[in-house]
file data_37.cif (mmCIF, C-alpha atoms)
data_query
loop_
_atom_site.label_atom_id
_atom_site.label_comp_id
_atom_site.auth_asym_id
_atom_site.auth_seq_id
_atom_site.Cartn_x
_atom_site.Cartn_y
_atom_site.Cartn_z
CA LEU A 1 0.00 0.00 0.00
CA HIS A 2 2.97 2.34 0.31
CA ASN A 3 2.92 3.31 -3.38
CA LEU A 4 -0.77 4.24 -3.10
CA PHE A 5 -0.47 6.10 0.19
CA THR A 6 2.46 8.24 -0.96
CA ARG A 7 0.02 9.91 -3.37
CA PHE A 8 -1.76 11.21 -0.27
CA GLY A 9 1.24 12.34 1.75
CA LEU A 10 1.37 9.18 3.87
CA SER A 11 3.52 6.08 4.06
CA GLY A 12 2.39 2.47 4.08
CA ARG A 13 2.45 2.59 7.89
CA ALA A 14 -0.69 4.77 7.83
CA ILE A 15 -2.82 1.73 6.96
CA TYR A 16 -2.49 0.43 10.52
CA PRO A 17 -4.19 3.42 12.28
CA MET A 18 -6.81 3.44 9.53
CA LEU A 19 -7.78 -0.20 10.13
CA ILE A 20 -7.71 0.21 13.92
CA ALA A 21 -10.05 3.24 13.61
CA PHE A 22 -12.84 1.05 12.26
CA GLY A 23 -13.00 -0.44 15.74
CA CYS A 24 -12.25 2.67 17.80
CA ASN A 25 -10.61 6.03 17.14
CA VAL A 26 -8.87 6.05 20.55
CA PRO A 27 -6.32 3.27 19.79
CA ALA A 28 -6.09 4.64 16.24
CA VAL A 29 -4.72 7.90 17.65
CA LEU A 30 -2.33 5.93 19.86
CA SER A 31 -1.16 3.85 16.88
CA SER A 32 -0.02 7.03 15.14
CA ARG A 33 3.22 6.33 17.03
CA SER A 34 3.99 3.77 14.33
CA ALA A 35 4.77 6.68 11.97
CA ILE A 36 8.49 7.50 11.89
CA ASP A 37 7.90 10.87 10.21
CA HIS A 38 6.69 13.44 12.77
CA VAL A 39 4.53 15.32 10.25
CA GLU A 40 2.91 12.08 9.12
CA ARG A 41 2.05 11.30 12.72
CA LEU A 42 0.28 14.66 13.08
CA GLU A 43 -1.55 14.03 9.79
CA ILE A 44 -2.83 10.71 11.14
CA ILE A 45 -3.91 12.25 14.45
CA MET A 46 -5.76 15.03 12.62
CA ASN A 47 -7.61 12.87 10.13
CA VAL A 48 -8.04 9.36 11.51
CA SER A 49 -11.29 10.43 13.22
CA PHE A 50 -12.91 10.63 9.78
CA ILE A 51 -12.99 6.80 9.83
CA PRO A 52 -16.37 5.67 11.28
CA CYS A 53 -15.75 3.69 14.45
CA GLN A 54 -17.85 0.86 15.91
CA ALA A 55 -19.89 3.27 18.04
CA ARG A 56 -20.82 5.32 14.99
CA LEU A 57 -21.76 2.12 13.19
CA ILE A 58 -24.58 1.70 15.74
CA VAL A 59 -25.90 5.16 14.83
CA LEU A 60 -25.41 4.44 11.13
CA LEU A 61 -27.43 1.22 11.28
CA ALA A 62 -30.21 2.83 13.32
CA PHE A 63 -30.66 5.80 10.99
CA THR A 64 -30.37 3.92 7.68
CA SER A 65 -32.86 1.26 8.80
CA ILE A 66 -35.46 3.98 9.42
CA ILE A 67 -34.85 6.65 6.78
CA PHE A 68 -34.53 3.98 4.05
CA ARG A 69 -37.00 1.52 5.54
CA ASN A 70 -38.55 0.71 2.16
CA SER A 71 -35.32 -0.37 0.46
CA THR A 72 -32.64 -2.68 1.81
CA LEU A 73 -30.54 -1.77 -1.24
CA LEU A 74 -30.52 1.92 -0.25
CA GLN A 75 -29.69 0.95 3.33
CA ALA A 76 -26.65 -1.02 2.21
CA LEU A 77 -25.64 1.67 -0.28
CA ALA A 78 -25.86 4.43 2.36
CA ILE A 79 -23.63 2.46 4.74
CA VAL A 80 -21.04 1.78 2.03
CA ILE A 81 -21.08 5.46 0.96
CA VAL A 82 -20.42 6.63 4.52
CA TYR A 83 -17.40 4.33 4.86
CA ILE A 84 -16.02 5.31 1.45
CA ILE A 85 -16.37 9.02 2.31
CA GLY A 86 -14.59 8.44 5.61
CA MET A 87 -11.64 6.68 3.97
CA LEU A 88 -11.37 9.26 1.20
CA LEU A 89 -11.39 12.10 3.73
CA TYR A 90 -8.65 10.38 5.72
CA LEU A 91 -6.45 10.20 2.62
CA LEU A 92 -7.29 13.46 0.86
CA MET A 93 -7.19 15.66 3.97
CA SER A 94 -3.88 14.09 4.99
CA LYS A 95 -2.41 15.25 1.68
CA LEU A 96 -3.89 18.75 2.01
CA SER A 97 -2.80 19.16 5.62
CA ARG A 98 0.73 18.06 4.74
CA ILE A 99 0.98 20.66 1.97
CA LEU A 100 -1.02 23.57 3.37
CA LEU A 101 -0.66 23.25 7.14
CA PHE A 102 2.73 21.61 7.64
CA ARG A 103 4.23 22.84 4.35
CA GLU A 104 6.02 19.58 3.63
CA LYS A 105 6.71 18.77 -0.02
CA GLU A 106 8.43 15.41 0.39
CA ASN A 107 6.39 12.30 1.11
CA PRO A 108 7.40 10.13 4.09
CA GLU A 109 9.49 7.07 3.34
CA LEU A 110 8.59 3.54 4.33
CA LEU A 111 11.15 2.07 6.68
CA LEU A 112 10.31 -1.28 8.25
CA GLU A 113 12.39 -2.83 10.98
CA ILE A 114 11.85 -6.51 11.66
CA PRO A 115 12.39 -7.14 15.39
CA PRO A 116 13.87 -10.37 16.75
CA ILE A 117 11.19 -13.00 17.33
CA HIS A 118 10.65 -14.01 20.96
CA ARG A 119 8.21 -16.29 22.71
CA PRO A 120 5.49 -14.02 24.18
CA SER A 121 5.37 -13.75 27.96
CA ILE A 122 1.87 -13.91 29.46
CA ARG A 123 3.10 -12.06 32.54
CA VAL A 124 4.53 -9.18 30.50
CA MET A 125 1.40 -9.01 28.32
CA LEU A 126 -0.90 -8.81 31.36
CA TRP A 127 1.28 -6.22 33.08
CA ASN A 128 1.53 -4.08 29.94
CA SER A 129 -2.24 -4.34 29.27
CA TRP A 130 -3.09 -3.33 32.83
CA ASP A 131 -0.63 -0.44 32.76
CA LEU A 132 -2.11 0.98 29.53
CA THR A 133 -5.69 0.42 30.73
CA LYS A 134 -4.98 2.13 34.06
CA HIS A 135 -3.40 5.07 32.25
CA PHE A 136 -6.44 5.41 29.95
CA LEU A 137 -8.97 5.15 32.79
CA TYR A 138 -7.13 7.76 34.82
CA LYS A 139 -6.65 10.27 32.00
CA ALA A 140 -9.79 9.80 29.91
CA GLY A 141 -12.13 8.37 32.54
CA ILE A 142 -12.06 11.43 34.78
CA ILE A 143 -12.88 13.80 31.92
CA ILE A 144 -15.60 11.51 30.53
CA LEU A 145 -17.14 11.20 34.02
CA LEU A 146 -17.21 14.97 34.49
CA LEU A 147 -18.69 15.55 31.04
CA SER A 148 -21.31 12.84 31.59
CA ILE A 149 -22.34 14.45 34.89
CA GLY A 150 -22.56 17.80 33.11
CA VAL A 151 -24.85 16.39 30.39
CA TRP A 152 -27.04 14.67 33.00
CA ILE A 153 -27.48 17.97 34.87
CA LEU A 154 -28.35 19.78 31.63
CA LEU A 155 -31.02 17.19 30.77
CA ASN A 156 -32.54 16.90 34.25
CA PHE A 157 -32.57 20.50 35.48
CA GLY A 158 -34.04 23.70 34.10
CA PRO A 159 -34.91 27.27 35.17
CA TYR A 160 -37.74 25.88 37.32
CA GLY A 161 -35.73 23.19 39.05
CA TYR A 162 -35.71 19.43 38.56
CA VAL A 163 -37.27 18.20 35.30
CA HIS A 164 -39.43 15.13 35.84
CA LYS A 165 -40.44 13.98 32.37
CA ASP A 166 -40.68 17.08 30.18
CA ILE A 167 -37.10 17.43 28.91
CA SER A 168 -38.16 20.33 26.68
CA ILE A 169 -37.92 22.75 29.65
CA SER A 170 -34.41 21.68 30.68
CA TYR A 171 -31.20 23.65 30.27
CA GLY A 172 -30.16 21.10 27.65
CA ALA A 173 -33.23 21.88 25.55
CA SER A 174 -32.38 25.59 25.75
CA ILE A 175 -28.89 24.83 24.43
CA GLY A 176 -30.40 22.63 21.72
CA ARG A 177 -32.61 25.50 20.59
CA LEU A 178 -29.51 27.65 20.11
CA ILE A 179 -28.20 25.07 17.64
CA ALA A 180 -31.62 24.39 16.09
CA PRO A 181 -31.27 27.12 13.38
CA LEU A 182 -28.32 25.15 12.02
CA PHE A 183 -30.61 22.24 11.11
CA SER A 184 -33.72 24.23 10.21
CA SER A 185 -31.88 26.60 7.86
CA LEU A 186 -29.49 24.15 6.20
CA PHE A 187 -31.70 21.06 5.95
CA LYS A 188 -35.21 22.63 6.19
CA ILE A 189 -36.01 20.56 9.28
CA ASP A 190 -39.00 21.33 11.50
CA VAL A 191 -38.11 23.48 14.53
CA ASP A 192 -39.35 20.90 17.04
CA ALA A 193 -37.10 18.23 15.55
CA ALA A 194 -34.23 20.69 15.03
CA TRP A 195 -33.68 21.47 18.72
CA LYS A 196 -33.68 17.75 19.53
CA LEU A 197 -31.03 17.16 16.89
CA GLY A 198 -29.07 20.12 18.28
CA LEU A 199 -29.03 18.62 21.75
CA THR A 200 -28.20 15.21 20.29
CA LEU A 201 -25.20 16.79 18.59
CA ILE A 202 -23.89 17.93 21.97
CA ALA A 203 -24.59 14.65 23.76
CA GLY A 204 -22.74 12.71 21.05
CA PHE A 205 -19.53 14.37 22.16
CA ILE A 206 -19.46 12.11 25.23
CA ALA A 207 -19.94 8.90 23.28
CA LYS A 208 -21.22 8.42 19.76
CA GLU A 209 -23.64 5.63 20.68
CA GLY A 210 -25.26 8.18 22.99
CA LEU A 211 -26.66 9.92 19.91
CA ILE A 212 -29.54 7.48 19.57
CA SER A 213 -30.14 6.90 23.29
CA ILE A 214 -30.53 10.64 23.92
CA LEU A 215 -33.03 10.81 21.05
CA ALA A 216 -35.09 8.10 22.75
CA VAL A 217 -35.03 10.06 26.02
CA MET A 218 -36.16 13.29 24.35
CA THR A 219 -38.99 11.69 22.40
CA GLY A 220 -40.19 9.69 25.39
CA VAL A 221 -40.13 6.28 23.69
CA GLU A 222 -38.09 3.19 24.46
CA GLU A 223 -37.53 1.99 20.88
CA VAL A 224 -34.76 3.82 19.08
CA GLY A 225 -36.31 3.31 15.66
CA ARG A 226 -39.54 4.92 16.81
CA ALA A 227 -37.57 7.87 18.24
CA ILE A 228 -35.98 8.51 14.83
CA GLU A 229 -39.37 8.16 13.11
CA LEU A 230 -40.85 10.86 15.37
CA LEU A 231 -38.33 13.36 13.98
CA ARG A 232 -40.23 13.05 10.66
CA LEU A 233 -37.17 13.46 8.47
CA SER A 234 -37.28 12.86 4.75
CA PRO A 235 -34.70 10.37 3.38
CA LEU A 236 -32.62 13.28 2.07
CA GLN A 237 -32.78 15.19 5.36
CA GLY A 238 -32.05 12.03 7.34
CA PHE A 239 -29.01 11.09 5.26
CA SER A 240 -27.61 14.64 5.38
CA VAL A 241 -27.98 14.74 9.17
CA LEU A 242 -26.44 11.27 9.36
CA LEU A 243 -23.34 12.47 7.49
CA LEU A 244 -23.02 15.34 9.97
CA PHE A 245 -23.27 12.92 12.89
CA MET A 246 -20.71 10.56 11.34
CA PHE A 247 -17.93 13.09 10.86
CA TYR A 248 -18.55 16.16 13.05
CA ILE A 249 -16.23 15.62 16.06
CA PRO A 250 -14.56 12.66 17.75
CA CYS A 251 -15.72 11.51 21.16
CA ALA A 252 -14.30 12.91 24.41
CA ALA A 253 -11.96 9.96 24.91
CA THR A 254 -10.39 10.48 21.48
CA ILE A 255 -9.83 14.18 22.11
CA VAL A 256 -8.22 13.41 25.47
CA ASN A 257 -5.84 11.01 23.76
CA ILE A 258 -5.08 13.53 21.01
CA TYR A 259 -3.87 15.91 23.70
CA ASN A 260 -1.92 13.14 25.47
CA GLU A 261 -0.14 12.34 22.20
CA THR A 262 0.58 15.93 21.11
CA ARG A 263 0.72 17.88 24.42
CA ASN A 264 -0.52 20.86 22.47
CA TYR A 265 -3.73 22.62 23.55
CA ARG A 266 -3.99 24.67 20.36
CA PHE A 267 -3.62 21.64 18.08
CA THR A 268 -6.10 19.64 20.18
CA THR A 269 -8.64 22.50 20.07
CA LEU A 270 -8.16 22.94 16.33
CA ILE A 271 -9.07 19.35 15.47
CA PRO A 272 -12.74 19.35 16.68
CA ILE A 273 -13.32 22.71 14.97
CA TYR A 274 -11.72 21.47 11.75
CA LEU A 275 -13.70 18.21 11.78
CA PHE A 276 -16.98 20.01 12.52
CA VAL A 277 -16.49 22.45 9.63
CA MET A 278 -15.64 19.60 7.25
CA ALA A 279 -18.68 17.56 8.36
CA LEU A 280 -20.92 20.61 7.95
CA LEU A 281 -19.62 21.25 4.43
CA ILE A 282 -20.04 17.61 3.38
CA SER A 283 -23.57 17.24 4.79
CA THR A 284 -24.74 20.59 3.40
CA ALA A 285 -23.24 19.93 -0.04
CA THR A 286 -24.91 16.50 -0.07
CA TYR A 287 -28.29 18.03 0.76
CA ILE A 288 -28.03 20.83 -1.82
CA VAL A 289 -26.70 18.67 -4.67
CA THR A 290 -29.06 15.75 -4.06
CA SER A 291 -32.10 18.01 -3.71
CA MET A 292 -31.46 19.27 -7.25
CA PHE A 293 -32.10 15.78 -8.63
CA THR A 294 -35.07 14.82 -6.43
#
call {"tool": "encode", "arguments": {"input": "data_37.cif", "output": "C-alpha cells"}}
result
Amino acid sequence: LHNLFTRFGLSGRAIYPMLIAFGCNVPAVLSSRSAIDHVERLEIIMNVSFIPCQARLIVLLAFTSIIFRNSTLLQALAIVIVYIIGMLLYLLMSKLSRILLFREKENPELLLEIPPIHRPSIRVMLWNSWDLTKHFLYKAGIIILLLSIGVWILLNFGPYGYVHKDISISYGASIGRLIAPLFSSLFKIDVDAAWKLGLTLIAGFIAKEGLISILAVMTGVEEVGRAIELLRLSPLQGFSVLLLFMFYIPCAATIVNIYNETRNYRFTTLIPIYLFVMALLISTATYIVTSMFT
C-alpha cells in the first residue's frame, strides 16, 4: 500500500491506524506512534477520526434502517457510501494538511524494521495491558465522568428546578434551541425536531452511541427506531444529518488522547473545529446537490 499512500502524503504505515479506527478512534490515535515521520504522525492524528468507528456504526445502522425503511438496497448503499467518504477524507485531507498546514513537499518514506522473534510472555502481556488500561482510565475516565455528569445535569434540570419527564424545559433543551437554526436553515427541518437534533449533537460528544439513546429520552419512547421516526425526516434530510453525525467531532476519549499524544492545547482544540467544519460542508453539499435531482 505504500505506493498508493504516498500519493496522499502518507507512508504504508498509515494503513495500521486506519484499520484500527474502524474499531475505535482512541487506539487509532495511539497507533499514530507507528509513523516515523513526525509530520505524518500529526496528519494521522488530525484525520483518523474521519474513519467511522464501531460506536458510529450503531448510529449508522439505526438511521439507515429507518430513513430507508422501504429499500434494503438503499440501506446497504448508504452504509457503504459513509465508509467510502470516511476513507477518502482520511487520505485526501492528509495530503492537504501536509501541503497547506505543515508545508512539507516530500512524502514520508517507508522504513520497516523486523524485530527479533521471541516467545510471548503472558506475565509481560498482562502487566503491559493493565498499565495501559490504568493510564487510559485515569486520564480519559475522569474527563468523561465529568462531562457525563454535566450532560445529566443539563437534561434533568431547568430554570424551574428538577425536570421530571418534560425534557423540553431543561437547560439542555435551551442549548439545543440555540443550535436548532443550524438544522432548520441548512436542511429545512421542522423546529421541534431541530432542537432535539441540536441537543443530540452535543450529547454525542461524550460517546457516539449516545446519539440514539438521547433521542429516545427526548422523544419519550423506548424503541430507538420509533424515536428517529418521530423526527419526521425525509430520506434526504435524514441522510444529510447522518453524514453530519458521522464526521462532526470525535468523542471525548479520542480528544483526550489527542492531547496526550501531542501535548498541544492549540492543536487539540483545532481538530474538533476542523472536523466540525468539514462535516458541515459535506452534509450541506450532499443536501443541496441531491435536492437538485429529487
call {"tool": "closest_residue", "arguments": {"input": "data_37.cif", "among": "A:Val224, A:Ala216, A:Val124, A:Leu275", "to": "Phe247 in chain A", "atoms": "only C-alpha atoms"}}
result
A:Leu275
call {"tool": "residues_around", "arguments": {"input": "data_37.cif", "residues": "Gly23 in chain A", "least_positions_apart": "3", "cutoff": "9 Å", "atoms": "all atoms listed in the file", "output": "VMD selection string"}}
result
chain A and resid 19 to 20 27 to 28 52 to 55
call {"tool": "residues_around", "arguments": {"input": "data_37.cif", "residues": "range 70-86 of chain A", "least_positions_apart": "4", "cutoff": "8 Å", "atoms": "only C-alpha atoms", "output": "ChimeraX atom specification"}}
result
/A:50-52,60-61,64-65,90,239,243,246-247
call {"tool": "closest_residue", "arguments": {"input": "data_37.cif", "among": "A:Ala207, A:Leu4, A:Met125, A:Leu201", "to": "Asn107 in chain A", "atoms": "all atoms listed in the file"}}
result
A:Leu4
call {"tool": "resolve_selection", "arguments": {"input": "data_37.cif", "expression": "the PyMOL selection byres ((chain A and resi 31) around 12)", "output": "list in words"}}
result
Arg13, Ala14, Ile15, Tyr16, Pro17, Met18, Leu19, Ile20, Ala21, Cys24, Asn25, Val26, Pro27, Ala28, Val29, Leu30, Ser32, Arg33, Ser34, Ala35, Ile36, Arg41, Leu42, Ile44, Ile45, Val48, Asn257, Ile258 and Glu261 of chain A
call {"tool": "resolve_selection", "arguments": {"input": "data_37.cif", "expression": "the PyMOL selection byres ((chain A and resi 194) around 12)", "output": "PyMOL selection string"}}
result
chain A and resi 173-193+195-201+215+230-233+237-238+241
call {"tool": "resolve_selection", "arguments": {"input": "data_37.cif", "expression": "the PyMOL selection byres ((chain A and resi 6) around 12)", "output": "number ranges by chain"}}
result
A: 1-5, 7-15, 40, 91-92, 94-95, 98, 105-110
call {"tool": "closest_residue", "arguments": {"input": "data_37.cif", "among": "A:Ile167, A:Met93, A:Leu132, A:Ile58", "to": "Glu43 in chain A", "atoms": "all atoms listed in the file"}}
result
A:Met93
call {"tool": "axis_aligned_box", "arguments": {"input": "data_37.cif", "around": "range 24-31 of chain A", "padding_each_side": "8 Å", "output": "AutoDock Vina command-line options"}}
result
--center_x -6.7 --center_y 5.3 --center_z 18.4 --size_x 27.1 --size_y 21.2 --size_z 20.3
call {"tool": "residues_around", "arguments": {"input": "data_37.cif", "residues": "Leu281 in chain A", "least_positions_apart": "3", "cutoff": "12 Å", "atoms": "all atoms listed in the file", "output": "list of chain:residue names"}}
result
A:Leu186, A:Ser240, A:Val241, A:Leu243, A:Leu244, A:Phe247, A:Tyr248, A:Tyr274, A:Leu275, A:Phe276, A:Val277, A:Met278, A:Thr284, A:Ala285, A:Thr286, A:Tyr287, A:Ile288, A:Val289
call {"tool": "closest_residue", "arguments": {"input": "data_37.cif", "among": "A:Leu280, A:Ile206, A:His164, A:Arg103", "to": "Leu145 in chain A", "atoms": "only C-alpha atoms"}}
result
A:Ile206
call {"tool": "residues_around", "arguments": {"input": "data_37.cif", "residues": "Tyr171 in chain A", "least_positions_apart": "5", "cutoff": "9 Å", "atoms": "all atoms listed in the file", "output": "VMD selection string"}}
result
chain A and resid 153 to 159 176
call {"tool": "atom_distance", "arguments": {"input": "data_37.cif", "atom1": "CA of Leu96 in chain A", "atom2": "CA of Pro272 in chain A"}}
result
17.1 Å
call {"tool": "atom_distance", "arguments": {"input": "data_37.cif", "atom1": "CA of Glu229 in chain A", "atom2": "CA of Ile66 in chain A"}}
result
6.8 Å
call {"tool": "closest_residue", "arguments": {"input": "data_37.cif", "among": "A:Met46, A:Gly161, A:Phe102, A:Asp131", "to": "Leu270 in chain A", "atoms": "all atoms listed in the file"}}
result
A:Met46
call {"tool": "atom_distance", "arguments": {"input": "data_37.cif", "atom1": "CA of Phe205 in chain A", "atom2": "CA of Ala252 in chain A"}}
result
5.9 Å
call {"tool": "closest_residue", "arguments": {"input": "data_37.cif", "among": "A:Ile212, A:Ala62, A:Val217, A:Ile149", "to": "Asp166 in chain A", "atoms": "all atoms listed in the file"}}
result
A:Val217
call {"tool": "decode", "arguments": {"input": "data_37.cif", "residues": "range 109-127 of chain A", "atoms": "N, CA and C atoms", "output": "PDB file, in the first residue's frame"}}
result
ATOM      1  N   GLU A 109       8.978   8.342   3.864  1.00  0.00           N
ATOM      2  CA  GLU A 109       9.493   7.069   3.341  1.00  0.00           C
ATOM      3  C   GLU A 109       9.004   5.915   4.205  1.00  0.00           C
ATOM      4  N   LEU A 110       8.987   4.745   3.602  1.00  0.00           N
ATOM      5  CA  LEU A 110       8.594   3.540   4.335  1.00  0.00           C
ATOM      6  C   LEU A 110       9.851   2.814   4.798  1.00  0.00           C
ATOM      7  N   LEU A 111      10.010   2.760   6.096  1.00  0.00           N
ATOM      8  CA  LEU A 111      11.147   2.069   6.680  1.00  0.00           C
ATOM      9  C   LEU A 111      10.614   1.054   7.676  1.00  0.00           C
ATOM     10  N   LEU A 112      10.807  -0.220   7.382  1.00  0.00           N
ATOM     11  CA  LEU A 112      10.310  -1.285   8.249  1.00  0.00           C
ATOM     12  C   LEU A 112      11.478  -1.989   8.920  1.00  0.00           C
ATOM     13  N   GLU A 113      11.367  -2.130  10.221  1.00  0.00           N
ATOM     14  CA  GLU A 113      12.390  -2.832  10.981  1.00  0.00           C
ATOM     15  C   GLU A 113      11.785  -4.112  11.540  1.00  0.00           C
ATOM     16  N   ILE A 114      12.368  -5.225  11.190  1.00  0.00           N
ATOM     17  CA  ILE A 114      11.845  -6.508  11.663  1.00  0.00           C
ATOM     18  C   ILE A 114      12.537  -6.844  12.986  1.00  0.00           C
ATOM     19  N   PRO A 115      11.782  -6.875  14.078  1.00  0.00           N
ATOM     20  CA  PRO A 115      12.392  -7.141  15.386  1.00  0.00           C
ATOM     21  C   PRO A 115      12.712  -8.621  15.551  1.00  0.00           C
ATOM     22  N   PRO A 116      13.600  -8.952  16.477  1.00  0.00           N
ATOM     23  CA  PRO A 116      13.867 -10.369  16.754  1.00  0.00           C
ATOM     24  C   PRO A 116      12.614 -11.044  17.309  1.00  0.00           C
ATOM     25  N   ILE A 117      12.398 -12.270  16.918  1.00  0.00           N
ATOM     26  CA  ILE A 117      11.192 -13.005  17.331  1.00  0.00           C
ATOM     27  C   ILE A 117      11.449 -13.677  18.672  1.00  0.00           C
ATOM     28  N   HIS A 118      10.556 -13.406  19.632  1.00  0.00           N
ATOM     29  CA  HIS A 118      10.652 -14.009  20.960  1.00  0.00           C
ATOM     30  C   HIS A 118       9.332 -14.693  21.304  1.00  0.00           C
ATOM     31  N   ARG A 119       9.422 -15.658  22.198  1.00  0.00           N
ATOM     32  CA  ARG A 119       8.208 -16.288  22.710  1.00  0.00           C
ATOM     33  C   ARG A 119       7.480 -15.278  23.608  1.00  0.00           C
ATOM     34  N   PRO A 120       6.195 -15.020  23.367  1.00  0.00           N
ATOM     35  CA  PRO A 120       5.490 -14.025  24.185  1.00  0.00           C
ATOM     36  C   PRO A 120       5.364 -14.459  25.638  1.00  0.00           C
ATOM     37  N   SER A 121       5.494 -13.497  26.528  1.00  0.00           N
ATOM     38  CA  SER A 121       5.373 -13.752  27.956  1.00  0.00           C
ATOM     39  C   SER A 121       3.994 -13.293  28.428  1.00  0.00           C
ATOM     40  N   ILE A 122       3.215 -14.231  28.970  1.00  0.00           N
ATOM     41  CA  ILE A 122       1.872 -13.907  29.464  1.00  0.00           C
ATOM     42  C   ILE A 122       1.954 -12.858  30.573  1.00  0.00           C
ATOM     43  N   ARG A 123       2.952 -12.990  31.420  1.00  0.00           N
ATOM     44  CA  ARG A 123       3.097 -12.062  32.541  1.00  0.00           C
ATOM     45  C   ARG A 123       3.344 -10.634  32.036  1.00  0.00           C
ATOM     46  N   VAL A 124       4.227 -10.502  31.059  1.00  0.00           N
ATOM     47  CA  VAL A 124       4.529  -9.178  30.496  1.00  0.00           C
ATOM     48  C   VAL A 124       3.309  -8.613  29.777  1.00  0.00           C
ATOM     49  N   MET A 125       2.601  -9.465  29.032  1.00  0.00           N
ATOM     50  CA  MET A 125       1.402  -9.013  28.322  1.00  0.00           C
ATOM     51  C   MET A 125       0.341  -8.496  29.291  1.00  0.00           C
ATOM     52  N   LEU A 126       0.105  -9.234  30.375  1.00  0.00           N
ATOM     53  CA  LEU A 126      -0.901  -8.815  31.356  1.00  0.00           C
ATOM     54  C   LEU A 126      -0.480  -7.518  32.046  1.00  0.00           C
ATOM     55  N   TRP A 127       0.798  -7.435  32.398  1.00  0.00           N
ATOM     56  CA  TRP A 127       1.276  -6.222  33.078  1.00  0.00           C
ATOM     57  C   TRP A 127       1.162  -5.008  32.160  1.00  0.00           C
TER      58      TRP A 127
END
